[in-house]
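S.K.: The file below is final.txt, compact mmCIF, C-alpha atoms:
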```
# COMPACT_ATOMS: atom_id res chain seq x y z
CA MET A 111 5.43 6.50 53.99
CA GLN A 112 8.55 7.26 51.96
CA LYS A 113 9.73 4.65 49.47
CA GLY A 114 13.45 4.60 50.25
CA LYS A 115 16.34 7.05 49.93
CA LEU A 116 18.74 7.37 47.01
CA THR A 117 22.08 9.10 47.61
CA ILE A 118 24.55 9.96 44.85
CA GLU A 119 27.93 11.59 45.31
CA ASN A 120 30.46 12.91 42.79
CA VAL A 121 28.84 11.71 39.57
CA ALA A 122 29.41 14.12 36.67
CA GLN A 123 28.26 17.54 37.95
CA LEU A 124 26.29 16.07 40.88
CA LYS A 125 28.31 16.78 44.02
CA ARG A 126 25.67 15.31 46.33
CA ALA A 127 22.09 14.37 45.60
CA GLU A 128 19.82 12.91 48.25
CA VAL A 129 16.23 11.99 47.40
CA SER A 130 13.72 10.23 49.65
CA PHE A 131 10.93 9.00 47.41
CA GLY A 132 7.21 9.40 47.98
CA ASP A 133 4.37 7.86 46.04
CA LEU A 134 4.90 10.86 43.74
CA THR A 135 8.35 12.45 43.56
CA VAL A 136 9.01 15.62 41.56
CA LEU A 137 12.47 16.87 40.57
CA VAL A 138 12.94 20.51 39.56
CA GLY A 139 15.92 22.63 38.60
CA PRO A 140 17.55 24.40 35.66
CA GLN A 141 18.66 22.63 32.49
CA ALA A 142 21.81 20.53 32.84
CA SER A 143 21.47 20.40 36.62
CA GLY A 144 21.71 16.62 36.91
CA LYS A 145 18.07 15.54 37.12
CA SER A 146 18.41 13.13 34.19
CA ILE A 147 21.67 11.74 35.58
CA LEU A 148 19.95 10.88 38.85
CA LEU A 149 17.01 9.26 37.05
CA HIS A 150 19.31 7.23 34.78
CA LEU A 151 21.29 6.02 37.78
CA PHE A 152 18.14 5.13 39.68
CA LYS A 153 16.96 2.97 36.79
CA LEU A 154 20.39 1.36 36.60
CA ALA A 155 20.20 0.52 40.31
CA MET A 156 16.77 -1.08 39.73
CA ASP A 157 17.31 -2.81 36.38
CA ALA A 158 21.00 -3.44 35.66
CA GLY A 159 20.50 -7.11 34.78
CA HIS A 160 17.70 -6.34 32.34
CA ILE A 161 19.68 -3.45 30.82
CA ASN A 162 22.77 -5.62 30.33
CA SER A 163 20.69 -8.33 28.69
CA MET A 164 19.12 -5.85 26.25
CA LEU A 165 22.48 -4.32 25.34
CA LYS A 166 24.07 -7.72 24.69
CA LYS A 167 21.03 -8.96 22.78
CA ASN A 168 21.46 -6.05 20.39
CA GLY A 169 25.17 -6.55 19.82
CA MET A 170 26.59 -4.06 22.33
CA HIS A 171 29.72 -4.87 24.33
CA TRP A 172 31.88 -3.04 26.84
CA ASN A 173 34.58 -5.60 27.70
CA GLY A 174 34.27 -5.02 31.42
CA GLN A 175 35.18 -1.33 31.08
CA LEU A 176 33.02 0.99 33.15
CA SER A 177 33.72 3.99 30.92
CA LYS A 178 32.41 2.14 27.84
CA TYR A 179 29.46 0.84 29.84
CA PHE A 180 28.45 4.36 30.87
CA SER A 181 28.78 5.54 27.28
CA LEU A 182 26.46 2.76 26.11
CA TYR A 183 23.95 3.28 28.91
CA MET A 184 23.91 7.04 29.54
CA GLY A 185 25.03 8.19 26.11
CA GLU A 186 28.10 9.39 24.28
CA GLY A 187 30.16 11.86 26.30
CA MET A 188 29.27 10.26 29.66
CA GLU A 189 32.34 7.95 29.74
CA SER A 190 33.90 9.77 32.68
CA ALA A 191 30.65 10.43 34.62
CA TRP A 192 31.54 7.72 37.13
CA SER A 193 34.95 8.05 38.76
CA SER A 194 36.87 6.59 41.68
CA GLN A 195 35.23 9.30 43.83
CA SER A 196 31.69 8.36 42.81
CA LYS A 197 29.28 6.69 45.22
CA MET A 198 25.65 5.65 45.13
CA SER A 199 23.49 4.07 47.80
CA TYR A 200 19.83 3.06 47.89
CA ARG A 201 17.90 2.28 51.06
CA GLY A 202 21.13 2.52 53.03
CA ARG A 203 23.04 -0.02 50.92
CA GLU A 204 25.91 1.00 48.68
CA VAL A 205 25.46 0.21 45.00
CA ASP A 206 28.47 -1.64 43.57
CA MET A 207 28.72 -0.25 40.04
CA GLU A 208 31.22 -2.91 38.94
CA ALA A 209 28.73 -5.57 40.03
CA LYS A 210 25.91 -3.76 38.23
CA MET A 211 27.98 -3.81 35.05
CA ARG A 212 28.23 -7.61 35.34
CA ALA A 213 24.64 -8.27 36.50
CA LYS A 214 22.78 -11.08 34.74
CA LYS A 215 19.34 -10.96 33.16
CA SER A 216 16.57 -10.03 35.57
CA LYS A 217 13.01 -8.71 35.51
CA GLU A 218 12.51 -5.01 34.88
CA ALA A 219 11.19 -2.96 37.83
CA SER A 220 10.96 0.53 36.28
CA PHE A 221 9.50 2.03 33.11
CA PHE A 222 11.31 5.14 31.86
CA ILE A 223 9.64 7.67 29.53
CA PRO A 224 12.51 9.95 28.46
CA ALA A 225 12.56 13.65 27.66
CA GLN A 226 13.83 12.85 24.13
CA ARG A 227 10.71 10.79 23.32
CA VAL A 228 10.04 12.94 20.24
CA LEU A 229 13.01 11.09 18.68
CA THR A 230 11.26 7.72 19.07
CA LEU A 231 8.95 8.26 16.09
CA ARG A 232 10.28 8.36 12.55
CA ASN A 233 7.69 9.24 9.92
CA GLY A 234 4.99 8.27 12.39
CA TRP A 235 6.34 4.87 13.46
CA PRO A 236 8.37 3.88 16.57
CA ARG A 237 12.01 3.18 15.81
CA PRO A 238 13.54 -0.20 16.77
CA PHE A 239 16.35 -0.43 19.33
CA THR A 240 18.96 -1.04 16.61
CA ASP A 241 17.92 2.04 14.63
CA TYR A 242 19.81 4.25 17.07
CA ASP A 243 23.53 4.95 17.35
CA SER A 244 25.38 3.10 20.10
CA GLY A 245 26.04 6.48 21.74
CA ASP A 246 22.35 7.32 22.14
CA PRO A 247 21.00 6.95 25.70
CA TYR A 248 19.71 3.49 26.52
CA VAL A 249 16.43 4.77 27.99
CA VAL A 250 15.50 6.38 24.66
CA ARG A 251 16.26 3.24 22.66
CA HIS A 252 14.48 0.98 25.13
CA PHE A 253 11.35 3.15 25.37
CA SER A 254 11.18 3.29 21.57
CA GLU A 255 11.46 -0.48 21.37
CA MET A 256 8.69 -0.98 23.93
CA ILE A 257 6.17 1.23 22.14
CA ARG A 258 7.16 -0.38 18.82
CA HIS A 259 6.25 -3.78 20.27
CA LEU A 260 2.96 -2.31 21.46
CA MET A 261 2.14 -1.11 17.94
CA GLU A 262 3.21 -4.35 16.30
CA ALA A 263 1.02 -6.30 18.72
CA GLY A 264 -1.98 -4.84 16.89
CA LEU A 265 -2.74 -1.51 18.55
CA GLY A 266 -5.09 0.39 16.27
CA SER A 267 -5.40 -2.37 13.71
CA GLY A 268 -8.70 -2.90 11.98
CA GLU A 269 -11.32 -0.17 12.11
CA SER A 270 -10.68 1.11 15.64
CA ALA A 271 -8.72 4.26 16.36
CA ILE A 272 -5.53 4.20 18.39
CA PHE A 273 -6.99 7.16 20.29
CA PRO A 274 -9.65 7.47 21.52
CA GLN A 275 -10.21 3.76 22.02
CA PRO A 276 -12.91 2.33 24.32
CA GLY A 277 -11.36 0.20 27.04
CA ARG A 278 -8.04 2.04 26.99
CA LEU A 279 -7.78 4.68 29.71
CA LYS A 280 -10.76 5.81 31.73
CA LYS A 281 -13.49 7.56 29.74
CA ASP A 282 -12.99 10.82 31.66
CA LEU A 283 -9.25 10.75 30.99
CA ARG A 284 -9.83 10.06 27.30
CA GLN A 285 -12.16 13.04 27.11
CA ALA A 286 -9.68 15.31 28.89
CA LEU A 287 -6.88 14.28 26.53
CA SER A 288 -9.14 14.59 23.50
CA SER A 289 -10.10 18.13 24.45
CA GLY A 290 -6.69 19.31 25.66
CA ILE A 291 -4.40 17.74 23.05
CA PHE A 292 -6.27 16.28 20.10
CA SER A 293 -9.07 18.83 19.71
CA GLY A 294 -11.48 16.06 18.80
CA SER A 295 -9.24 14.47 16.15
CA GLU A 296 -8.40 10.76 16.15
CA LEU A 297 -5.09 8.95 16.16
CA ARG A 298 -5.18 6.15 13.62
CA LEU A 299 -3.07 3.52 11.92
CA ASP A 300 -2.56 4.15 8.19
CA THR A 301 -1.78 1.04 6.13
CA HIS A 302 -2.47 2.40 2.65
CA GLY A 303 1.18 2.88 1.75
CA LEU A 304 4.04 0.40 1.73
CA GLN A 305 4.86 1.17 5.37
CA LYS A 306 2.55 1.43 8.34
CA ARG A 307 2.41 4.81 10.04
CA ILE A 308 0.45 6.64 12.72
CA ILE A 309 -1.62 9.56 11.48
CA LEU A 310 -3.96 12.15 12.92
CA GLN A 311 -7.40 11.98 11.37
CA VAL A 312 -9.00 15.44 11.35
CA GLU A 313 -12.44 15.05 9.79
CA LYS A 314 -11.57 13.73 6.29
CA ASN A 315 -7.94 14.79 6.37
CA ALA A 316 -5.14 12.36 7.29
CA LEU A 317 -2.27 14.35 8.79
CA PRO A 318 1.18 12.68 8.75
CA TYR A 319 3.77 13.03 11.48
CA MET A 320 5.55 16.01 9.93
CA VAL A 321 2.51 18.28 10.21
CA TRP A 322 1.55 17.39 13.78
CA SER A 323 1.91 20.17 16.32
CA ALA A 324 5.02 20.16 18.52
CA GLY A 325 2.87 19.25 21.52
CA GLN A 326 1.28 16.32 19.69
CA ARG A 327 4.70 14.99 18.63
CA GLU A 328 5.86 15.16 22.24
CA PHE A 329 2.69 13.71 23.71
CA ILE A 330 1.85 10.80 21.40
CA PRO A 331 4.88 8.70 22.47
CA LEU A 332 3.90 9.50 26.08
CA LEU A 333 0.35 8.34 25.31
CA LEU A 334 1.71 5.03 23.98
CA GLY A 335 3.73 4.70 27.18
CA LEU A 336 0.55 5.20 29.22
CA TYR A 337 -1.16 2.55 27.09
CA TRP A 338 1.68 0.14 27.94
CA LEU A 339 1.45 0.94 31.66
CA LEU A 340 -2.36 0.89 31.91
CA PRO A 341 -3.48 -2.39 30.34
CA PRO A 342 -7.16 -2.64 29.33
CA SER A 343 -7.80 -5.74 31.43
CA LYS A 344 -8.62 -6.87 34.93
CA VAL A 345 -4.89 -6.66 35.71
CA SER A 346 -4.39 -3.10 36.97
CA LYS A 347 -0.65 -2.84 36.26
CA HIS A 348 2.34 -4.71 34.94
CA LYS A 349 3.25 -7.25 37.61
CA ASP A 350 6.96 -6.47 37.97
CA ILE A 351 6.95 -2.75 37.17
CA ASN A 352 6.80 -0.70 40.36
CA TRP A 353 8.30 2.61 39.24
CA VAL A 354 7.29 4.96 36.44
CA ILE A 355 9.76 7.70 35.50
CA VAL A 356 8.58 10.50 33.21
CA GLU A 357 10.86 13.30 32.15
CA GLU A 358 9.22 16.63 31.34
CA PRO A 359 5.63 15.38 30.87
CA GLU A 360 4.62 18.98 30.09
CA ALA A 361 6.88 19.29 27.01
CA GLY A 362 5.16 21.26 24.25
CA LEU A 363 1.80 21.27 26.03
CA HIS A 364 -0.66 24.03 26.93
CA PRO A 365 -1.58 24.15 30.66
CA GLN A 366 -5.00 22.65 29.86
CA ALA A 367 -3.23 19.66 28.36
CA VAL A 368 -0.84 19.45 31.34
CA SER A 369 -3.90 19.13 33.59
CA ALA A 370 -5.06 16.19 31.48
CA VAL A 371 -1.62 14.58 31.81
CA LEU A 372 -1.84 15.03 35.61
CA LEU A 373 -5.08 13.05 35.54
CA GLY A 374 -3.01 10.31 33.89
CA VAL A 375 -0.46 10.57 36.71
CA MET A 376 -3.31 10.17 39.23
CA GLU A 377 -4.37 7.03 37.37
CA LEU A 378 -0.82 5.62 37.56
CA LEU A 379 -0.74 6.22 41.31
CA ASP A 380 -4.14 4.58 41.71
CA ARG A 381 -2.92 1.51 39.81
CA GLY A 382 -0.12 1.07 42.35
CA TYR A 383 2.85 2.59 40.56
CA LYS A 384 5.28 4.95 42.27
CA VAL A 385 5.80 7.91 39.95
CA ILE A 386 8.86 10.12 39.50
CA LEU A 387 8.60 13.26 37.37
CA SER A 388 11.23 15.78 36.33
CA THR A 389 9.70 19.06 35.26
CA HIS A 390 10.10 22.70 34.32
CA SER A 391 6.38 23.35 34.77
CA SER A 392 5.05 25.57 37.57
CA HIS A 393 1.63 24.08 36.71
CA ILE A 394 2.74 20.70 38.08
CA LEU A 395 4.22 22.25 41.25
CA ASP A 396 1.04 24.31 41.79
CA PHE A 397 -0.96 21.10 41.69
CA VAL A 398 1.37 19.33 44.14
CA TRP A 399 1.13 22.31 46.52
CA GLY A 400 -2.67 22.31 46.30
CA TRP A 401 -2.71 18.56 46.91
CA LYS A 402 -0.53 18.94 50.02
CA MET A 403 -2.73 21.77 51.31
CA LEU A 404 -5.79 19.59 50.78
CA GLN A 405 -4.15 16.89 52.92
CA SER A 406 -3.19 19.42 55.64
CA PHE A 407 -6.73 20.75 55.94
CA SER A 408 -8.52 17.40 55.37
CA GLY A 409 -10.26 18.87 52.35
CA ASP A 410 -12.75 17.16 50.09
CA PRO A 411 -10.86 14.93 47.59
CA ASN A 412 -13.07 16.34 44.82
CA LEU A 413 -11.08 19.55 45.13
CA LEU A 414 -8.24 17.71 43.35
CA LEU A 415 -10.53 17.46 40.33
CA GLU A 416 -11.52 21.10 40.65
CA MET A 417 -7.86 22.10 40.55
CA LEU A 418 -7.50 20.28 37.23
CA ASP A 419 -10.85 21.53 35.89
CA ALA A 420 -11.88 17.89 35.57
CA PRO A 421 -15.50 16.69 35.71
CA LYS A 422 -16.64 15.36 39.08
CA THR A 423 -17.91 12.08 37.73
CA GLN A 424 -18.32 9.05 39.96
CA ALA A 425 -15.23 7.36 38.48
CA LEU A 426 -12.99 10.40 39.02
CA ASN A 427 -14.49 11.05 42.46
CA GLU A 428 -13.54 7.54 43.53
CA LEU A 429 -10.07 7.95 42.01
CA ALA A 430 -9.50 11.20 43.93
CA LYS A 431 -10.62 9.56 47.19
CA ARG A 432 -8.23 6.64 46.72
CA ILE A 433 -5.13 8.73 46.06
CA LYS A 434 -5.88 11.65 48.39
CA SER A 435 -3.47 10.42 51.07
CA SER A 436 -0.63 9.50 48.67
CA THR A 437 2.67 11.12 49.62
CA ALA A 438 4.42 13.70 47.43
CA ARG A 439 8.05 14.82 47.63
CA VAL A 440 9.76 17.67 45.74
CA TYR A 441 13.52 18.22 45.28
CA TYR A 442 15.38 21.17 43.83
CA PHE A 443 18.71 20.70 42.04
CA GLU A 444 20.78 23.71 43.03
CA ARG A 445 23.99 24.80 41.31
CA HIS A 446 26.92 26.03 43.41
CA ASP A 447 29.74 27.16 41.10
CA GLN A 448 30.44 24.03 39.04
CA SER A 449 28.77 21.50 41.34
CA ILE A 450 25.15 20.63 42.11
CA HIS A 451 23.41 19.63 45.34
CA THR A 452 19.78 18.70 45.94
CA ARG A 453 17.49 20.49 48.38
CA ASP A 454 14.25 19.11 49.82
CA ILE A 455 11.51 21.71 49.16
CA SER A 456 8.61 19.32 49.68
CA ASN A 457 6.67 21.68 51.94
CA LEU A 458 6.30 24.22 49.11
CA ASP A 459 5.52 26.80 51.78
CA PRO A 460 4.72 30.21 50.22
CA GLY A 461 5.74 31.82 53.51
CA ALA A 462 9.12 30.08 53.74
CA GLU A 463 12.31 32.14 53.94
CA ASP A 464 13.98 29.83 51.41
CA ILE A 465 13.36 31.35 47.97
CA GLN A 466 13.55 27.94 46.32
CA GLU A 467 10.76 26.61 48.53
CA TRP A 468 8.34 29.51 48.13
CA GLY A 469 9.38 29.97 44.50
CA TRP A 470 8.71 26.33 43.55
CA GLY A 471 12.40 25.74 42.77
CA GLY A 472 12.52 28.86 40.58
CA LEU A 473 9.42 27.94 38.56
CA ALA A 474 7.19 30.56 40.19
CA GLU A 475 9.92 33.09 40.87
CA PHE A 476 9.44 34.97 37.59
CA SER A 477 5.70 35.53 38.04
CA GLY A 478 6.34 36.68 41.61
CA ARG A 479 8.96 39.13 40.40
CA VAL A 480 6.62 40.51 37.72
CA ASN A 481 3.86 40.94 40.31
CA ASP A 482 6.24 42.83 42.59
CA VAL A 483 7.35 45.14 39.77
CA VAL A 484 3.77 45.87 38.67
CA SER A 485 2.63 46.45 42.28
CA ARG A 486 5.49 48.87 42.88
CA MET A 487 4.75 50.70 39.63
CA ILE A 488 1.08 51.12 40.58
CA GLN A 489 2.00 52.38 44.05
CA GLU A 490 4.42 54.93 42.55
CA GLN A 491 1.75 56.14 40.13
CA GLU A 492 -0.75 56.58 42.96
CA THR A 493 1.67 58.66 44.98
```
Starting from the coordinates I provided, produce the structure as structure tokens.
M.R.:
Amino acid sequence: MQKGKLTIENVAQLKRAEVSFGDLTVLVGPQASGKSILLHLFKLAMDAGHINSMLKKNGMHWNGQLSKYFSLYMGEGMESAWSSQSKMSYRGREVDMEAKMRAKKSKEASFFIPAQRVLTLRNGWPRPFTDYDSGDPYVVRHFSEMIRHLMEAGLGSGESAIFPQPGRLKKDLRQALSSGIFSGSELRLDTHGLQKRIILQVEKNALPYMVWSAGQREFIPLLLGLYWLLPPSKVSKHKDINWVIVEEPEAGLHPQAVSAVLLGVMELLDRGYKVILSTHSSHILDFVWGWKMLQSFSGDPNLLLEMLDAPKTQALNELAKRIKSSTARVYYFERHDQSIHTRDISNLDPGAEDIQEWGWGGLAEFSGRVNDVVSRMIQEQET
């Protein structure tokens, strides 16, 4: 069952975007094709009251001007993104942007992990909301503030490591992340200096933020986001949070590590969250295609684990069984001249005539082209 349709017209470069959500929804397309704009607007439709409260609490004001509001929320330079020609509807109801701008405090329904998450750590510690410029996107500031609260609540204090930590994340997921991203090292809280910081402990060496790998810098804020979303208690999820948005979960990661992150996505789905990903990774689209084929042929759920090279333990077997029938949707953001439209490529049919469908929205097109060139070269040599 789909989880409602979002339609956006004439916002910045988005001419028309139409997305019907599944349990897992994946957005693909070139850089600057409007994926982030759609995700920002979706969160605004869900959480305007909470957003307005946070902005006001931290001294922001827009004096009832939509252009200033968009600059504060979406970031500097986005003042004119919403115009008199702009429209947005969700589940068949038009979203009144003026009303959203005036919305009062409400509970938050979505958790947004932004693509710029590497900016949320300064010298190994999450930055507070007020540490950012007013023109920085709200979702970056808010995510940073949330993981800062998580750290200040005592994560990693005492003798225990921040990662791996018994009770946080399933054991199999911890092992996959440890192998794929941390190479057996530990993430720890260092309190020896005048300021607390997160370090990587590699045997006897304490590695500060500046010497972490690019993938580790990208992933560690994402890990803290997963910690926030997956509480180590009998409560499976945050009560009011229904949507999890993750931009570019593959950033800086080797495919082995991306597989470990996909196990984390499976865990989010199992906990009852609806997940939206934007990605430039063919690895993620390959997995979605395999998942859909498994559903079509009523395959063994354990094959999901085999795709990810994950151990077929009892816990993961049960997880795979529970999420096997979850729905997945895929949308391609296609540029026509100076405007962008979305295209539903959810079938991911390798035999489709549409190049964007069989080419995974351009993500598999290059490897297909290389294969064609090499095959032709070999045939020419043989003749």
S.K.: Determine the nearest neighbour of Lys347 (chain A) from the options A:Ala219, A:Leu387, A:Val250, A:Ala191, counting only C-alpha atoms.
M.R.: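 Checking each of A:Ala219, A:Leu387, A:Val250, A:Ala191 against Lys347 (chain A), counting only C-alpha atoms, the winner is A:Ala219.
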S.K.: Quick check, in Å to one decimal: how far apart do CA of Ile465 (chain A) and CA of Tyr442 (chain A) lie?
M.R.: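 Going from CA of Ile465 (chain A) over to CA of Tyr442 (chain A) covers 11.2 Å.
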S.K.: Just give me the gap between CA of Met164 (chain A) and CA of Leu339 (chain A) in Å, one decimal is fine.
M.R.: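 Result for CA of Met164 (chain A) versus CA of Leu339 (chain A): 19.7 Å, one decimal.
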S.K.: What's around Asn233 (chain A) at 12 Å? Count only C-alpha atoms, leave out sequence neighbours fewer than 3 positions away in its own chain, and write the answer as an MDAnalysis selection string.
M.R.: chainID A and resid 228:230 236:237 300 305:309 317:322 327
S.K.: Given the selection you just returned, output its residues as a file containing C-alpha atoms, formatted as an mmCIF file, in the frame of the given file.
M.R.:
```
data_model
loop_
_atom_site.group_PDB
_atom_site.id
_atom_site.type_symbol
_atom_site.label_atom_id
_atom_site.label_comp_id
_atom_site.auth_asym_id
_atom_site.auth_seq_id
_atom_site.Cartn_x
_atom_site.Cartn_y
_atom_site.Cartn_z
ATOM 1 C CA VAL A 228 10.040 12.940 20.240
ATOM 2 C CA LEU A 229 13.010 11.090 18.680
ATOM 3 C CA THR A 230 11.260 7.720 19.070
ATOM 4 C CA PRO A 236 8.370 3.880 16.570
ATOM 5 C CA ARG A 237 12.010 3.180 15.810
ATOM 6 C CA ASP A 300 -2.560 4.150 8.190
ATOM 7 C CA GLN A 305 4.860 1.170 5.370
ATOM 8 C CA LYS A 306 2.550 1.430 8.340
ATOM 9 C CA ARG A 307 2.410 4.810 10.040
ATOM 10 C CA ILE A 308 0.450 6.640 12.720
ATOM 11 C CA ILE A 309 -1.620 9.560 11.480
ATOM 12 C CA LEU A 317 -2.270 14.350 8.790
ATOM 13 C CA PRO A 318 1.180 12.680 8.750
ATOM 14 C CA TYR A 319 3.770 13.030 11.480
ATOM 15 C CA MET A 320 5.550 16.010 9.930
ATOM 16 C CA VAL A 321 2.510 18.280 10.210
ATOM 17 C CA TRP A 322 1.550 17.390 13.780
ATOM 18 C CA ARG A 327 4.700 14.990 18.630
#
```
S.K.: Name the residues in contact with Leu404 (chain A) at a cut-off of 12 Å, using only C-alpha atoms, excluding same-chain residues fewer than 2 positions from it; report them as a list in words.
M.R.: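 That gives Phe397, Val398, Trp399, Gly400, Trp401, Lys402, Ser406, Phe407, Ser408, Gly409, Asp410, Pro411, Asn412, Leu413, Leu414, Leu415, Glu416, Met417, Ala430, Lys431, Ile433, Lys434, Ser435 and Ser436 of chain A.
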S.K.: Kindly indicate which residue among A:Asp350, A:Asp243, A:Glu328, A:Asp454 lies nearest to Glu186 (chain A), using all atoms listed in the file for the distances.
M.R.: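 Of A:Asp350, A:Asp243, A:Glu328, A:Asp454, the one nearest Glu186 (chain A) is A:Asp243, counting all atoms listed in the file.
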S.K.: Give as a list in words every residue, naming chains and numbers as the document does, that has an atom within 10 Å of (20.3, -2.3, 35.9), counting all atoms listed in the file.
M.R.: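 Output: His150, Leu151, Phe152, Lys153, Leu154, Ala155, Met156, Asp157, Ala158, Gly159, His160, Ile161, Asn162, Ser163, Tyr183, Met207, Ala209, Lys210, Met211, Arg212, Ala213, Lys214, Lys215, Ser216, Lys217, Glu218, Ala219 and Ser220 of chain A.
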S.K.: Those residues with C-alpha atoms, as a compact mmCIF listing (two decimals), in the coordinates of the input please?
M.R.:
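out27.txt written:
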```txt
# COMPACT_ATOMS: atom_id res chain seq x y z
CA HIS A 150 19.31 7.23 34.78
CA LEU A 151 21.29 6.02 37.78
CA PHE A 152 18.14 5.13 39.68
CA LYS A 153 16.96 2.97 36.79
CA LEU A 154 20.39 1.36 36.60
CA ALA A 155 20.20 0.52 40.31
CA MET A 156 16.77 -1.08 39.73
CA ASP A 157 17.31 -2.81 36.38
CA ALA A 158 21.00 -3.44 35.66
CA GLY A 159 20.50 -7.11 34.78
CA HIS A 160 17.70 -6.34 32.34
CA ILE A 161 19.68 -3.45 30.82
CA ASN A 162 22.77 -5.62 30.33
CA SER A 163 20.69 -8.33 28.69
CA TYR A 183 23.95 3.28 28.91
CA MET A 207 28.72 -0.25 40.04
CA ALA A 209 28.73 -5.57 40.03
CA LYS A 210 25.91 -3.76 38.23
CA MET A 211 27.98 -3.81 35.05
CA ARG A 212 28.23 -7.61 35.34
CA ALA A 213 24.64 -8.27 36.50
CA LYS A 214 22.78 -11.08 34.74
CA LYS A 215 19.34 -10.96 33.16
CA SER A 216 16.57 -10.03 35.57
CA LYS A 217 13.01 -8.71 35.51
CA GLU A 218 12.51 -5.01 34.88
CA ALA A 219 11.19 -2.96 37.83
CA SER A 220 10.96 0.53 36.28
```
S.K.: Of the residues A:Ser477, A:Ser196, A:Asn427, A:Thr135, which is the one nearest to Ile355 (chain A), using all atoms listed in the file?
M.R.: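 Comparing A:Ser477, A:Ser196, A:Asn427, A:Thr135 against Ile355 (chain A), the winner is A:Thr135.
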S.K.: At a cut-off of 10 Å, using all atoms listed in the file, what residues contact Arg453 (chain A)? Leave out same-chain residues fewer than 4 positions from it and give the result as a list in words.
M.R.: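 Residues meeting the cut-off are Arg126, Ala127, Glu128, Val129, Leu137, Val138, Val440, Tyr441, Tyr442, Phe443, Glu444, Gln466, Glu467 and Gly471 of chain A.
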S.K.: Take CA of Tyr248 (chain A) and CA of Gln141 (chain A) and report the distance between them in Å, one decimal.
M.R.: 20.1 Å
S.K.: Please determine, counting only C-alpha atoms, which residue among A:Leu149, A:Asn352, A:Ala367, A:Ser288 has the shortest atom-to-atom distance to Gly325 (chain A).
M.R.: A:Ala367
S.K.: Considering all atoms listed in the file, can you say which of A:Ala370, A:Leu332, A:Ile351, A:Leu395 comes closest to Ala420 (chain A)?
M.R.: A:Ala370
S.K.: Skipping near chain neighbours, those fewer than 4 positions away, what residues fall within 10 Å of Ala361 (chain A) using all atoms listed in the file, listed as a VMD selection string?
M.R.: chain A and resid 225 to 226 228 324 to 329 357 368 389 to 391
S.K.: Each side padded by 6 Å, which centre and which edge lengths in Å (one decimal) define the axis-aligned box around the listed atoms of region 419-422 of chain A? Give them as JSON.
M.R.:
```
{"center_x": -13.7, "center_y": 18.4, "center_z": 37.3, "size_x": 17.8, "size_y": 18.2, "size_z": 15.5}
```
S.K.: Find the residues near Met170 (chain A): any atom within 8 Å, counting all atoms listed in the file, skip ones fewer than 4 places away on the same chain, and give them as a list in words.
M.R.: Leu165, Lys166, Leu182 and Ser244 of chain A
S.K.: Ranking A:Ser181, A:Ser193, A:Ser346, A:Ser267 by minimum distance to Leu124 (chain A) and counting all atoms listed in the file, which one comes first?
M.R.: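 Of the candidates, the smallest distance to Leu124 (chain A) is held by A:Ser193.
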